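Next up, input-v4.tsv (TSV, C-alpha atoms):
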```tsv
chain	number	residue	atom	x	y	z
I	71	ILE	CA	81.48	95.53	139.54
I	72	GLY	CA	82.77	96.07	136.04
I	73	PHE	CA	85.46	94.48	133.93
I	74	ASP	CA	88.97	95.69	133.47
I	75	VAL	CA	88.66	96.60	129.83
I	76	SER	CA	89.84	99.95	128.67
I	77	GLU	CA	86.81	101.92	127.63
I	78	ASP	CA	88.39	105.23	126.96
I	79	VAL	CA	90.37	104.30	123.89
I	80	THR	CA	91.39	107.41	122.07
I	81	LEU	CA	93.33	107.83	118.88
I	82	PRO	CA	96.79	109.38	119.04
I	83	PRO	CA	96.74	113.03	117.96
I	84	SER	CA	97.54	113.54	114.31
I	85	GLN	CA	100.50	115.56	113.06
I	86	GLN	CA	100.49	117.76	110.00
I	87	SER	CA	103.67	116.30	108.56
I	88	PHE	CA	106.24	113.58	109.00
I	89	LEU	CA	109.74	113.90	107.59
I	90	ILE	CA	111.94	110.81	107.53
I	91	ASP	CA	114.84	113.24	107.05
I	92	PRO	CA	114.54	116.93	107.93
I	93	ALA	CA	117.11	117.61	105.19
I	94	GLY	CA	114.37	116.89	102.67
I	95	GLN	CA	112.04	119.62	103.85
I	96	ASP	CA	113.19	122.48	101.60
I	97	LEU	CA	113.41	120.31	98.53
I	98	VAL	CA	109.94	118.93	99.07
I	99	ARG	CA	108.44	122.35	99.70
I	100	GLU	CA	110.09	123.77	96.59
I	101	PHE	CA	109.09	120.83	94.44
I	102	LEU	CA	105.45	120.94	95.52
I	103	THR	CA	105.24	124.73	95.21
I	104	GLN	CA	106.50	124.59	91.63
I	105	TYR	CA	104.49	121.53	90.72
I	106	PHE	CA	101.16	122.88	91.93
I	107	ALA	CA	101.78	126.36	90.52
I	108	ILE	CA	101.86	124.70	87.11
I	109	PHE	CA	99.11	122.20	87.91
I	110	ASP	CA	96.79	125.07	88.90
I	111	SER	CA	97.73	127.28	85.92
I	112	GLU	CA	96.02	127.63	82.54
I	113	SER	CA	98.14	124.90	80.98
I	114	ARG	CA	99.50	121.76	82.60
I	115	GLN	CA	101.73	121.03	79.60
I	116	PRO	CA	104.90	122.33	81.31
I	117	LEU	CA	104.53	119.42	83.75
I	118	LEU	CA	106.15	117.33	81.00
I	119	GLU	CA	109.42	118.52	82.50
I	120	ALA	CA	108.46	117.21	85.94
I	121	TYR	CA	107.90	113.60	84.82
I	122	HIS	CA	110.36	110.87	83.92
I	123	GLU	CA	110.17	109.64	80.36
I	124	THR	CA	108.73	106.30	81.51
I	125	ALA	CA	106.61	107.69	84.36
I	126	THR	CA	103.37	105.99	85.31
I	127	MET	CA	100.30	107.71	86.72
I	128	SER	CA	96.92	106.50	87.87
I	129	MET	CA	93.90	108.10	89.44
I	130	ALA	CA	91.08	106.54	91.40
I	131	ALA	CA	88.01	108.36	92.62
I	132	ASN	CA	85.18	107.43	94.92
I	133	TYR	CA	82.33	108.94	96.87
I	134	LEU	CA	82.21	109.27	100.63
I	135	SER	CA	80.05	106.69	102.36
I	136	ASN	CA	76.78	107.86	103.86
I	137	ASP	CA	77.06	111.20	102.13
I	138	ASN	CA	73.53	112.34	101.52
I	139	ARG	CA	74.46	115.63	99.91
I	140	ASN	CA	73.08	115.40	96.44
I	141	ALA	CA	74.00	118.72	94.89
I	142	PRO	CA	75.38	118.64	91.33
I	143	THR	CA	78.68	119.93	92.69
I	144	ASN	CA	79.09	116.70	94.66
I	145	ARG	CA	79.14	114.56	91.54
I	146	LEU	CA	82.52	113.17	90.64
I	147	ASN	CA	81.68	112.27	87.04
I	148	ALA	CA	84.75	114.07	85.72
I	149	TYR	CA	86.88	111.59	87.67
I	150	ILE	CA	84.87	108.41	88.05
I	151	SER	CA	84.84	107.73	84.30
I	152	ASN	CA	88.64	107.45	84.39
I	153	SER	CA	88.94	105.93	87.83
I	154	ARG	CA	91.35	102.99	88.13
I	155	ASN	CA	89.68	101.46	91.13
I	156	LEU	CA	90.87	97.86	91.19
I	157	VAL	CA	87.87	96.91	93.33
I	158	ARG	CA	85.69	97.65	90.29
I	159	ILE	CA	88.07	97.37	87.35
I	160	THR	CA	88.86	93.68	87.36
I	161	GLU	CA	89.92	92.97	83.75
I	162	ARG	CA	93.67	92.90	83.23
I	163	GLU	CA	93.35	94.70	79.92
I	164	SER	CA	91.43	97.60	81.52
I	165	ARG	CA	93.81	97.78	84.43
I	166	ARG	CA	96.68	98.15	81.97
I	167	ARG	CA	94.85	100.78	79.96
I	168	TYR	CA	93.91	102.93	82.96
I	169	LEU	CA	97.55	103.08	84.02
I	170	ARG	CA	98.93	106.05	82.10
I	171	THR	CA	102.44	105.24	80.95
I	172	GLY	CA	105.07	107.65	79.62
I	173	ARG	CA	105.23	111.37	80.29
I	174	LEU	CA	103.18	112.33	77.23
I	175	GLN	CA	100.26	110.11	78.25
I	176	VAL	CA	100.56	111.22	81.87
I	177	VAL	CA	100.48	114.94	81.14
I	178	SER	CA	97.77	114.53	78.54
I	179	PHE	CA	95.67	112.77	81.18
I	180	LEU	CA	96.39	115.43	83.80
I	181	SER	CA	95.53	118.16	81.31
I	182	ASP	CA	92.04	116.73	80.90
I	183	LEU	CA	91.26	116.81	84.62
I	184	PRO	CA	89.21	119.79	85.85
I	185	LYS	CA	91.11	123.03	86.43
I	186	THR	CA	92.10	123.46	90.03
I	187	LYS	CA	93.35	125.67	92.80
I	188	HIS	CA	95.23	123.82	95.53
I	189	ASP	CA	95.65	125.24	98.98
I	190	LEU	CA	99.21	124.24	99.84
I	191	MET	CA	98.77	125.40	103.43
I	192	SER	CA	96.11	122.73	103.86
I	193	PHE	CA	98.44	119.93	102.79
I	194	ALA	CA	99.57	117.21	105.12
I	195	VAL	CA	102.86	116.05	103.61
I	196	ASP	CA	104.59	112.86	104.68
I	197	LEU	CA	108.12	112.25	103.43
I	198	LEU	CA	108.51	108.47	103.56
I	199	VAL	CA	111.74	107.89	101.67
I	200	PHE	CA	114.56	110.36	101.19
I	201	THR	CA	117.74	108.83	99.80
I	202	PRO	CA	120.10	110.01	97.04
I	203	ALA	CA	118.40	107.55	94.67
I	204	MET	CA	114.75	108.00	95.52
I	205	ILE	CA	112.20	110.22	97.24
I	206	VAL	CA	108.71	109.09	98.17
I	207	LEU	CA	106.20	111.56	99.51
I	208	THR	CA	102.48	111.57	100.09
I	209	MET	CA	100.18	114.56	100.19
I	210	ASN	CA	96.70	114.91	101.66
I	211	GLY	CA	94.69	118.04	101.17
I	212	VAL	CA	91.90	119.84	99.44
I	213	TYR	CA	91.54	121.81	96.25
I	214	LYS	CA	88.78	123.69	94.47
I	215	GLU	CA	87.69	123.27	90.90
I	216	THR	CA	87.96	126.74	89.43
I	217	THR	CA	85.99	126.49	86.20
I	218	VAL	CA	83.02	124.51	87.47
I	219	ALA	CA	79.93	126.32	88.73
I	220	GLY	CA	79.95	126.52	92.50
I	221	ASN	CA	83.71	125.87	92.68
I	222	PRO	CA	83.31	122.49	94.37
I	223	SER	CA	86.08	121.42	96.71
I	224	ARG	CA	87.61	117.96	96.57
I	225	SER	CA	89.77	116.00	98.92
I	226	PHE	CA	92.80	114.16	97.60
I	227	HIS	CA	95.54	111.78	98.64
I	228	ARG	CA	98.50	111.57	96.32
I	229	THR	CA	101.88	109.84	96.22
I	230	PHE	CA	104.93	110.82	94.18
I	231	VAL	CA	107.98	108.65	93.65
I	232	ILE	CA	110.74	110.99	92.55
I	233	VAL	CA	114.27	110.34	91.28
I	234	PRO	CA	117.17	112.65	90.50
I	235	ASN	CA	117.59	113.28	86.78
I	236	SER	CA	120.68	113.83	84.66
I	237	ALA	CA	119.97	117.56	84.40
I	238	GLY	CA	120.50	118.01	88.13
I	239	GLY	CA	116.79	118.27	88.85
I	240	PHE	CA	114.17	115.72	89.81
I	241	SER	CA	111.63	113.66	87.88
I	242	ILE	CA	108.47	111.92	89.02
I	243	THR	CA	108.48	108.24	88.11
I	244	ASN	CA	105.21	107.26	89.82
I	245	ASP	CA	102.18	109.40	90.53
I	246	MET	CA	99.16	107.89	92.26
I	247	LEU	CA	96.12	110.02	93.00
I	248	PHE	CA	92.92	109.43	94.94
I	249	ILE	CA	90.05	111.90	94.77
I	250	SER	CA	86.91	112.13	96.85
I	251	ASN	CA	84.44	114.69	98.08
I	252	THR	CA	85.42	116.84	101.00
I	253	THR	CA	83.79	116.02	104.31
I	254	ARG	CA	81.69	118.71	105.99
I	255	GLU	CA	84.51	119.10	108.49
I	256	GLN	CA	87.00	119.74	105.70
I	257	GLU	CA	84.67	122.25	104.07
I	258	ASP	CA	84.15	124.15	107.30
I	259	THR	CA	87.89	124.40	107.79
I	260	SER	CA	88.71	125.49	104.27
I	261	SER	CA	85.95	128.10	104.11
I	262	SER	CA	87.04	129.59	107.41
I	263	SER	CA	90.67	129.83	106.31
I	264	ALA	CA	91.86	133.01	104.65
I	265	VAL	CA	92.76	131.25	101.43
I	266	GLY	CA	89.90	131.33	98.99
I	267	VAL	CA	89.71	130.79	95.26
I	268	ALA	CA	91.64	133.72	93.89
I	269	GLY	CA	91.30	132.89	90.25
I	270	PRO	CA	93.05	130.07	88.43
I	271	GLY	CA	96.57	130.31	89.77
I	272	PRO	CA	99.51	132.20	88.26
I	273	ALA	CA	99.12	132.68	84.53
I	274	SER	CA	102.81	132.56	83.78
I	275	ALA	CA	104.19	129.16	84.61
I	276	PRO	CA	107.40	129.21	86.62
I	277	ALA	CA	110.56	127.45	85.51
I	278	PRO	CA	109.34	123.92	84.83
I	279	ALA	CA	112.18	121.64	85.92
I	280	PRO	CA	111.92	121.52	89.70
I	281	ALA	CA	115.56	121.80	90.71
I	282	PRO	CA	117.16	121.63	94.16
B	48	MET	CA	105.08	100.62	73.82
B	49	ALA	CA	105.50	98.86	77.10
B	50	SER	CA	107.07	95.43	76.89
B	51	GLU	CA	105.10	92.29	77.65
B	52	VAL	CA	107.24	91.80	80.76
B	53	ALA	CA	106.35	95.30	81.96
B	54	LEU	CA	102.65	94.70	81.31
B	55	LYS	CA	102.73	91.40	83.20
B	56	ASN	CA	104.30	93.28	86.07
B	57	VAL	CA	101.36	95.69	86.02
B	58	ASP	CA	98.94	92.75	86.22
B	59	ASN	CA	100.96	91.28	89.04
B	60	ALA	CA	101.04	94.58	90.96
B	61	CYS	CA	97.24	94.75	90.82
B	62	GLU	CA	96.71	91.15	91.87
B	63	THR	CA	99.30	91.41	94.63
B	64	ALA	CA	97.59	94.56	95.89
B	65	GLU	CA	94.28	92.70	96.14
B	66	GLU	CA	95.85	89.82	98.03
B	67	PHE	CA	98.00	92.07	100.20
B	68	THR	CA	95.13	94.31	101.32
B	69	ARG	CA	92.95	91.29	102.08
B	70	VAL	CA	95.67	89.95	104.38
B	71	PHE	CA	96.66	93.29	105.84
B	72	TYR	CA	93.22	94.49	106.94
B	73	LYS	CA	92.28	91.04	108.21
B	74	GLN	CA	95.39	91.09	110.41
B	75	VAL	CA	94.90	94.66	111.62
B	76	ASP	CA	91.23	94.10	112.42
B	77	ASN	CA	91.28	90.53	113.72
B	78	SER	CA	94.81	89.42	114.63
B	79	ARG	CA	96.62	92.60	115.29
B	80	HIS	CA	99.31	91.00	117.44
B	81	LEU	CA	100.63	89.40	114.24
B	82	THR	CA	100.54	92.46	112.05
B	83	SER	CA	104.13	93.57	112.48
B	84	LYS	CA	105.29	90.40	110.72
B	85	LEU	CA	104.06	92.04	107.54
B	86	TYR	CA	106.63	94.81	107.89
B	87	LEU	CA	110.35	94.77	107.16
B	88	ASP	CA	112.45	94.80	110.34
B	89	THR	CA	113.36	98.33	109.32
B	90	GLY	CA	109.86	99.15	108.10
B	91	LEU	CA	108.27	102.56	108.57
B	92	LEU	CA	104.70	103.33	109.64
B	93	VAL	CA	103.51	106.92	109.38
B	94	TRP	CA	100.16	107.06	111.13
B	95	ASN	CA	98.42	110.42	110.71
B	96	GLY	CA	101.84	112.08	110.64
B	97	ASN	CA	103.31	110.11	113.56
B	98	GLY	CA	106.38	108.23	112.35
B	99	ILE	CA	107.19	104.82	113.86
B	100	ASN	CA	110.39	103.07	112.77
B	101	GLY	CA	111.08	99.37	113.00
B	102	ASN	CA	108.63	96.53	113.32
B	103	ASP	CA	108.90	96.12	117.12
B	104	LYS	CA	107.82	99.70	117.66
B	105	ILE	CA	105.19	99.40	114.96
B	106	GLN	CA	103.74	96.39	116.75
B	107	LYS	CA	103.55	98.28	120.02
B	108	PHE	CA	101.98	101.29	118.36
B	109	LEU	CA	99.36	99.20	116.60
B	110	MET	CA	98.48	97.34	119.80
B	111	ASP	CA	97.70	100.64	121.48
B	112	LEU	CA	95.20	101.67	118.84
B	113	PRO	CA	91.55	100.87	119.52
B	114	ALA	CA	90.05	97.84	117.82
B	115	SER	CA	89.16	98.62	114.26
B	116	ASN	CA	87.14	97.52	111.28
B	117	HIS	CA	88.36	98.56	107.84
B	118	VAL	CA	86.22	98.40	104.71
B	119	LEU	CA	88.17	98.74	101.49
B	120	LYS	CA	86.34	100.69	98.79
B	121	THR	CA	89.06	101.84	96.44
B	122	LEU	CA	92.33	100.20	95.49
B	123	ASP	CA	95.11	101.08	93.07
B	124	ALA	CA	98.62	99.76	92.43
B	125	GLN	CA	101.66	100.42	90.28
B	126	PRO	CA	105.03	98.73	89.90
B	127	ILE	CA	108.05	100.80	90.88
B	128	SER	CA	111.03	100.62	88.59
B	129	GLU	CA	113.21	97.84	90.00
B	130	ASN	CA	116.51	99.58	89.56
B	131	LEU	CA	115.37	102.13	92.12
B	132	VAL	CA	115.02	99.63	94.92
B	133	ALA	CA	118.15	97.51	94.84
B	134	ASN	CA	116.63	95.32	92.13
B	135	LYS	CA	113.91	94.14	94.46
B	136	LEU	CA	110.42	93.87	93.07
B	137	THR	CA	108.55	96.82	94.60
B	138	TYR	CA	104.93	97.88	94.34
B	139	LEU	CA	103.14	101.06	95.29
B	140	ILE	CA	99.66	100.40	96.65
B	141	GLN	CA	96.92	102.87	97.54
B	142	ALA	CA	94.00	101.65	99.60
B	143	CYS	CA	91.05	103.81	100.58
B	144	GLY	CA	87.84	103.14	102.42
B	145	ASP	CA	86.15	103.51	105.78
B	146	VAL	CA	87.38	102.61	109.23
B	147	THR	CA	85.40	102.39	112.44
B	148	TYR	CA	87.05	102.26	115.86
B	149	GLN	CA	85.80	100.56	118.97
B	150	ASN	CA	85.27	103.80	120.86
B	151	ASP	CA	83.29	105.43	118.09
B	152	ASP	CA	81.02	103.80	115.58
B	153	VAL	CA	81.27	106.58	113.05
B	154	LYS	CA	82.70	105.52	109.69
B	155	LYS	CA	85.82	107.54	109.08
B	156	PRO	CA	87.19	107.79	105.54
B	157	PHE	CA	90.87	106.77	105.36
B	158	GLN	CA	93.57	106.64	102.73
B	159	GLN	CA	96.64	104.47	103.02
B	160	THR	CA	99.69	104.08	100.83
B	161	PHE	CA	102.07	101.13	101.03
B	162	LEU	CA	105.43	100.43	99.48
B	163	ILE	CA	105.85	96.67	99.53
B	164	VAL	CA	109.02	94.79	98.63
B	165	ALA	CA	109.58	91.14	97.75
B	166	VAL	CA	112.12	89.70	100.18
B	167	GLU	CA	112.98	86.01	100.06
B	168	GLY	CA	109.66	85.07	98.58
B	169	LYS	CA	107.54	87.16	100.96
B	170	TRP	CA	105.95	90.56	100.55
B	171	LYS	CA	107.07	92.98	103.23
B	172	ILE	CA	105.96	96.54	103.90
B	173	ALA	CA	108.86	98.96	103.54
B	174	SER	CA	106.65	101.93	104.31
B	175	ASP	CA	103.04	102.45	105.23
B	176	CYS	CA	101.42	105.88	105.31
B	177	PHE	CA	97.97	106.04	106.90
B	178	ARG	CA	95.80	109.16	106.93
B	179	LEU	CA	92.27	109.74	108.07
B	180	GLN	CA	90.48	112.20	105.81
B	181	VAL	CA	90.37	115.19	108.14
B	182	PRO	CA	91.14	118.89	107.76
B	183	HIS	CA	94.76	119.96	107.93
B	184	SER	CA	95.58	123.60	108.38
B	185	ASN	CA	97.96	125.59	110.45
```
Represent the structure from my file as structure tokens, please.
Amino acid sequence: IGFDVSEDVTLPPSQQSFLIDPAGQDLVREFLTQYFAIFDSESRQPLLEAYHETATMSMAANYLSNDNRNAPTNRLNAYISNSRNLVRITERESRRRYLRTGRLQVVSFLSDLPKTKHDLMSFAVDLLVFTPAMIVLTMNGVYKETTVAGNPSRSFHRTFVIVPNSAGGFSITNDMLFISNTTREQEDTSSSSAVGVAGPGPASAPAPAPAP
Amino acid sequence: MASEVALKNVDNACETAEEFTRVFYKQVDNSRHLTSKLYLDTGLLVWNGNGINGNDKIQKFLMDLPASNHVLKTLDAQPISENLVANKLTYLIQACGDVTYQNDDVKKPFQQTFLIVAVEGKWKIASDCFRLQVPHSN
């Protein structure tokens, strides 16, 4: 005789995307396509147009737990040295400094991150807020570093807070990025997909101000 | 140059994020029946792409998930400009770590983003986006 406790507890199936308002879908797709075309290009400077004058941006990076892969490509040194992980960075002064403030600082910081190629098809995008005053969306996905030997892939989670600007387009006011290694499962999926690293993105940056 | 008030708000965002995540994961892991009190009545939970609106439904959804244990490894926080959110103090919080579920002892990496709002002296979750780090492709 057993006990009446549910043993077969399974997790609900995951969905690729959630949209709080389906009306936001085209705008979000367009915004992300333009943003990552520039992000993956030779120069990230045109992203200045995508950020609000007083935008803030922070990045935190960490290793996977129990990851015994020890190849050089698994090292996250390029990120960890600038990681604003509040679990480790406990001084107020450092926490302030690691928060990049103002579009110049933000884009300068982004420009120093390794060159990338994002696979937009691999993104899970959740649109959390979609009002005339404010858009909040999160992305989860993988990208490859294009100029590092072995083209390591990374997993990221990123949130944009976006507001309409006076020019009729949109500006990012908050950008928060988490970077980690890809799991084996993520690597298997991305290597079996048709999208590989086809060089460092489009050389000519598209029109910078993401507009509706 | 950021003003002293703005910098203090950055400090406060960080310290609130520490306190908030301590409370949140303790509730979810140990007293889950109380967790929905942390959300606005109109709060939104997006759990691996499944959207759940309103704290009654969030409570029911959470109760149906297997028992969990979250370990926070990475935390980040930023203030959101107050004029965006009806002049309510609002913070963006990103929490990452490992979760294990009752049916499966494997540590799963997760990433979770919260928008929390100060309402009548209490922090409430306006939206909560939880994702396990798994492949997405269609």
With 3 Å on each side, where is the centre of the axis-aligned box around all listed atoms of region 134-140 of chain B, and how long are its edges in Å to one decimal, as AutoDock Vina command-line options?
```
--center_x 108.1 --center_y 97.5 --center_z 94.4 --size_x 23.0 --size_y 13.2 --size_z 10.5
```
Item to check | Distance query Val118 (chain B) at most 9 Å, all atoms listed in the file, self and fewer than 5 positions along chain excluded, as a ChimeraX atom specification | outcome: /B:72,143-147
Prev. selection, C-alpha atoms, output as a short mmCIF file (atom, residue, chain, number, x, y, z; two decimals), keeping the file's coordinate frame:
```
data_model
loop_
_atom_site.label_atom_id
_atom_site.label_comp_id
_atom_site.auth_asym_id
_atom_site.auth_seq_id
_atom_site.Cartn_x
_atom_site.Cartn_y
_atom_site.Cartn_z
CA TYR B 72 93.22 94.49 106.94
CA CYS B 143 91.05 103.81 100.58
CA GLY B 144 87.84 103.14 102.42
CA ASP B 145 86.15 103.51 105.78
CA VAL B 146 87.38 102.61 109.23
CA THR B 147 85.40 102.39 112.44
#
```
Checklist entry - Hey, can you check how far CA of Ser192 (chain I) sits from CA of Ile127 (chain B)? => result 28.1 Å
Checklist entry - Taking into account all atoms listed in the file, which residue in the set B:Asn95, B:Asn100, B:Asn130, B:Gln141 is nearest to Phe67 (chain B)? => result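 Looking at the shortest contact to Phe67 (chain B), the residue is B:Gln141.
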Checklist entry - Quick one: of B:Val93, B:Ile105, B:Val70, B:Leu54, who's nearest to Gln86 (chain I), counting all atoms listed in the file? => result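 Closest candidate: B:Val93.
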Show me, as a tab-separated table, the residues of chain I having an atom within 6 Å of chain B, each with the closest atom pair and its distance in Å, using only C-alpha atoms.
```
residue	atom	partner	partner_atom	distance
I:Val79	CA	B:Pro113	CA	5.7
I:Ser84	CA	B:Asn95	CA	4.8
I:Gln85	CA	B:Gly96	CA	4.4
I:Gln86	CA	B:Gly96	CA	5.9
I:Ser87	CA	B:Gly96	CA	5.0
I:Phe88	CA	B:Gly96	CA	4.9
I:Asn155	CA	B:Leu122	CA	5.3
I:Leu156	CA	B:Leu122	CA	5.1
I:Val157	CA	B:Leu122	CA	5.9
I:Ser192	CA	B:Ser184	CA	4.6
I:Gln256	CA	B:Pro182	CA	4.7
```
I'd like the contact shell of Leu81 (chain B) - 12 Å cut-off, all atoms listed in the file, skipping same-chain residues fewer than 3 positions apart - returned as a CSV table (one decimal) with C-alpha atoms, in the frame of the given file.
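Listed below is the output, part-v3.csv:
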```
chain,number,residue,atom,x,y,z
B,70,VAL,CA,95.7,90.0,104.4
B,71,PHE,CA,96.7,93.3,105.8
B,72,TYR,CA,93.2,94.5,106.9
B,73,LYS,CA,92.3,91.0,108.2
B,74,GLN,CA,95.4,91.1,110.4
B,75,VAL,CA,94.9,94.7,111.6
B,76,ASP,CA,91.2,94.1,112.4
B,77,ASN,CA,91.3,90.5,113.7
B,78,SER,CA,94.8,89.4,114.6
B,84,LYS,CA,105.3,90.4,110.7
B,85,LEU,CA,104.1,92.0,107.5
B,86,TYR,CA,106.6,94.8,107.9
B,102,ASN,CA,108.6,96.5,113.3
B,103,ASP,CA,108.9,96.1,117.1
B,105,ILE,CA,105.2,99.4,115.0
B,106,GLN,CA,103.7,96.4,116.8
B,107,LYS,CA,103.6,98.3,120.0
B,109,LEU,CA,99.4,99.2,116.6
B,110,MET,CA,98.5,97.3,119.8
```
Next on the checklist: Using only C-alpha atoms for the distances, tell me which of I:Asn235, I:Thr252, I:Thr216, I:Thr201 is nearest to Ile90 (chain I).
Outcome noted: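 Of all the options, I:Thr201 lies closest to Ile90 (chain I).
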Find the spatial neighbours of region 227-230 of chain I, counting all atoms listed in the file, within a cut-off of 7 Å - ignore same-chain residues fewer than 2 positions away - and output them as a CSV table (one decimal) with C-alpha atoms, keeping the file's coordinate frame.
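Result went into result-v8.csv, see below:
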```
chain,number,residue,atom,x,y,z
I,206,VAL,CA,108.7,109.1,98.2
I,207,LEU,CA,106.2,111.6,99.5
I,208,THR,CA,102.5,111.6,100.1
I,209,MET,CA,100.2,114.6,100.2
I,210,ASN,CA,96.7,114.9,101.7
I,211,GLY,CA,94.7,118.0,101.2
I,232,ILE,CA,110.7,111.0,92.6
I,242,ILE,CA,108.5,111.9,89.0
I,244,ASN,CA,105.2,107.3,89.8
I,245,ASP,CA,102.2,109.4,90.5
I,246,MET,CA,99.2,107.9,92.3
I,247,LEU,CA,96.1,110.0,93.0
I,248,PHE,CA,92.9,109.4,94.9
I,249,ILE,CA,90.0,111.9,94.8
B,158,GLN,CA,93.6,106.6,102.7
```
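In this model, the gap between CA of Asp91 (chain I) and CA of Asp196 (chain I) comes to 10.5 Å.
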Next on the checklist: Quick check, in Å to one decimal: how far apart do CA of Asn144 (chain I) and CA of Ala131 (chain I) lie?
Outcome noted: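 Atom-to-atom, CA of Asn144 (chain I) to CA of Ala131 (chain I), that is 12.4 Å.
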Just the residues within 7 Å of Pro222 (chain I), please, counting all atoms listed in the file, with nothing from its chain fewer than 6 positions along; format it as a compact mmCIF listing (two decimals) with C-alpha atoms, in the coordinates of the input.
```txt
# COMPACT_ATOMS: atom_id res chain seq x y z
CA THR I 143 78.68 119.93 92.69
CA LYS I 214 88.78 123.69 94.47
CA GLU I 215 87.69 123.27 90.90
```
Next on the checklist: Show me the residues close to (82.3, 114.7, 99.4) - anything with an atom within 7 Å, counting all atoms listed in the file - and format the list as an MDAnalysis selection string.
Outcome noted: chainID I and resid 133:134 137 144 224 250:253
Checklist entry - Which neighbours of region 163-173 of chain I fall inside 9 Å, counting all atoms listed in the file, when residues of the same chain fewer than 2 positions from it are skipped, and could you give them as a PyMOL selection string? => result (chain I and resi 117-129+152-156+159-161+175-179) or (chain B and resi 48-49+54+57-58+61+125)
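Using only C-alpha atoms for every distance, the candidate list I:Pro116, I:Pro184, I:Val231, I:Tyr149 yields I:Val231 as the residue closest to Leu198 (chain I).
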Can you complete the atoms of region 194-199 of chain I to all heavy atoms and list them as a PDB file, in the coordinates of the input?
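Wrote rebuild.pdb, looks like this:
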```pdb
ATOM      1  N   ALA I 194      98.766 118.022 104.197  1.00  0.00           N
ATOM      2  CA  ALA I 194      99.570 117.210 105.120  1.00  0.00           C
ATOM      3  C   ALA I 194     100.548 116.469 104.220  1.00  0.00           C
ATOM      4  O   ALA I 194     100.146 115.782 103.293  1.00  0.00           O
ATOM      5  CB  ALA I 194      98.696 116.238 105.878  1.00  0.00           C
ATOM      6  N   VAL I 195     101.832 116.669 104.453  1.00  0.00           N
ATOM      7  CA  VAL I 195     102.860 116.050 103.610  1.00  0.00           C
ATOM      8  C   VAL I 195     103.656 115.066 104.457  1.00  0.00           C
ATOM      9  O   VAL I 195     104.142 115.419 105.530  1.00  0.00           O
ATOM     10  CB  VAL I 195     103.793 117.115 103.012  1.00  0.00           C
ATOM     11  CG1 VAL I 195     104.904 116.452 102.194  1.00  0.00           C
ATOM     12  CG2 VAL I 195     103.013 118.085 102.144  1.00  0.00           C
ATOM     13  N   ASP I 196     103.759 113.847 103.994  1.00  0.00           N
ATOM     14  CA  ASP I 196     104.590 112.860 104.680  1.00  0.00           C
ATOM     15  C   ASP I 196     105.716 112.440 103.748  1.00  0.00           C
ATOM     16  O   ASP I 196     105.463 111.949 102.640  1.00  0.00           O
ATOM     17  CB  ASP I 196     103.752 111.635 105.081  1.00  0.00           C
ATOM     18  CG  ASP I 196     102.701 111.979 106.135  1.00  0.00           C
ATOM     19  OD1 ASP I 196     103.032 112.717 107.081  1.00  0.00           O
ATOM     20  OD2 ASP I 196     101.557 111.512 106.004  1.00  0.00           O
ATOM     21  N   LEU I 197     106.936 112.653 104.203  1.00  0.00           N
ATOM     22  CA  LEU I 197     108.120 112.250 103.430  1.00  0.00           C
ATOM     23  C   LEU I 197     108.549 110.883 103.935  1.00  0.00           C
ATOM     24  O   LEU I 197     109.067 110.750 105.045  1.00  0.00           O
ATOM     25  CB  LEU I 197     109.224 113.293 103.596  1.00  0.00           C
ATOM     26  CG  LEU I 197     110.533 113.039 102.853  1.00  0.00           C
ATOM     27  CD1 LEU I 197     110.321 112.980 101.343  1.00  0.00           C
ATOM     28  CD2 LEU I 197     111.551 114.129 103.200  1.00  0.00           C
ATOM     29  N   LEU I 198     108.317 109.859 103.113  1.00  0.00           N
ATOM     30  CA  LEU I 198     108.510 108.470 103.560  1.00  0.00           C
ATOM     31  C   LEU I 198     109.884 107.935 103.243  1.00  0.00           C
ATOM     32  O   LEU I 198     110.426 107.108 103.974  1.00  0.00           O
ATOM     33  CB  LEU I 198     107.449 107.569 102.910  1.00  0.00           C
ATOM     34  CG  LEU I 198     105.998 108.014 103.066  1.00  0.00           C
ATOM     35  CD1 LEU I 198     105.081 107.124 102.252  1.00  0.00           C
ATOM     36  CD2 LEU I 198     105.593 108.000 104.528  1.00  0.00           C
ATOM     37  N   VAL I 199     110.411 108.330 102.094  1.00  0.00           N
ATOM     38  CA  VAL I 199     111.740 107.890 101.670  1.00  0.00           C
ATOM     39  C   VAL I 199     112.491 109.114 101.200  1.00  0.00           C
ATOM     40  O   VAL I 199     111.940 109.920 100.426  1.00  0.00           O
ATOM     41  CB  VAL I 199     111.642 106.860 100.510  1.00  0.00           C
ATOM     42  CG1 VAL I 199     113.038 106.447 100.035  1.00  0.00           C
ATOM     43  CG2 VAL I 199     110.828 105.628 100.914  1.00  0.00           C
TER      44      VAL I 199
END
```
